[in-house]
Amino acid sequence: MVESATMLLFFSHMISLAVQKDVDPSTLLGHLQPLGLQGPKHPVDELTEFPDPETFYRRYSRNAKPLLIKGAAKKSPAFSLWTDDYFLNREESPTVEVEVEFGKKENRSGGTSAYTMRRFVETYKTSDVYMVSSVPGYVRPDLLLPSCLHCGGFQKRLVAAVMWFSSGGTKSLLHNDNVDNINCLFAGSKELYFVEYPKYKKQVNLDNRMGSYSAVDVDRVNLTKYPGLQNVEFHYARMEAGDCLYIPYKWYHQVRSYDRNIAVNVWWTPLLEFNTTDCKHSKVKGLPTFDKYNFLKEEDDLPEANDMKEYFQNLLGKDTSTTLDQLITKMQSDTSLIIPGLGWVAKLDEVAGKLFDVLDVDKDSFVTQEDFDSLDDVTVDRLSDVATELEEALDEQLVAFGGDSVETYEDNDVVTGKAGKAKEEL
């Protein structure tokens, strides 16, 4: 009986595969349609003001739950100040440089250029460009740090403040970020589609692992090439000027912008434990504007790698000779890769060894610039394969060092759950 049942299951599986192979793609929900139409869509939670830091941590940040905060950005002076004339008339604008990307539909191959702020504002309405740059220092006093990040440890883990400025019509790739993120919109509107991480990790194909993005055409999703997207649920948010949106660590997301569009996002490394005592003592003098806070790195200093080769060249530096132990040390100290405060798991040692073995082309136990120069396409492909193992090791690290138990808020009640589950859902 057992053998018969096993054979029946096997043949049922084979028939299922055959049927799936012969499916007419035109019958698949959302095939060759914009991203977000391939499955169920759920609105994200909404509030009308930022929650206090501890509530934000327990209900949203730790549980990796997106949150739209309506009208929260209107409290920042930037909401009323940031007109084109304002930027053009600031005395710093003719000399301060910002990073500009070409091609409003993102493909990460168009390159970037440095424009002065004035040049960008004078040309952005008639050019296929948009600004993605660290918030210039002279306008940081115009921005209030979201109040949910003022204490508890959030304010000590800030990574970057990035400004996004365009005439509208931009479309990002489907991607994820190795940080938590609050995006505040000061002009225009945005639509965002999310896919939960790690729940749908196997369904979302990030073609470029170290770049953390998928090459899927967000206007015409080809489900024969990206079949996993048939089997995901989407979360959706529409932002209007004055709204802020929390995007959890590593959640996949795709963004569309409309009309004259200015947004600023704050990135921080995930907070593993909320420091209640800190909130009794953490105060800034005057308004809590961006210029009062220290950011670990600015966007221009973060690895901008499109592949593993470029990432490790940035990490190790040129004209250096690196041993395996030195590679591990550099990986451990890279806050864009490793969340500060987490321990180091054995799996990461194993993956680092594989990475070193690939990079050490001449097998002399050192990685040098000559090794990088010798990397061919086949070897770079091997690096990309190891990137998948690196991502899995980082997930293992996050779960392993998340603690033994956590508390979560559900409605207004405190319930206890497993830390591994909570951290896995980051």
# chains A, B, ... in the order shown; residues from 1 in each chain; ligands from 1
>>> residues_around(residues="A:Leu37", least_positions_apart="2", cutoff="10 Å", atoms="only C-alpha atoms", output="PyMOL selection string")
chain A and resi 29-35+39-41+193+221+229-230+233-234
>>> atom_distance(atom1="atom CA of A:Glu370", atom2="atom CA of A:Lys318")
9.7 Å
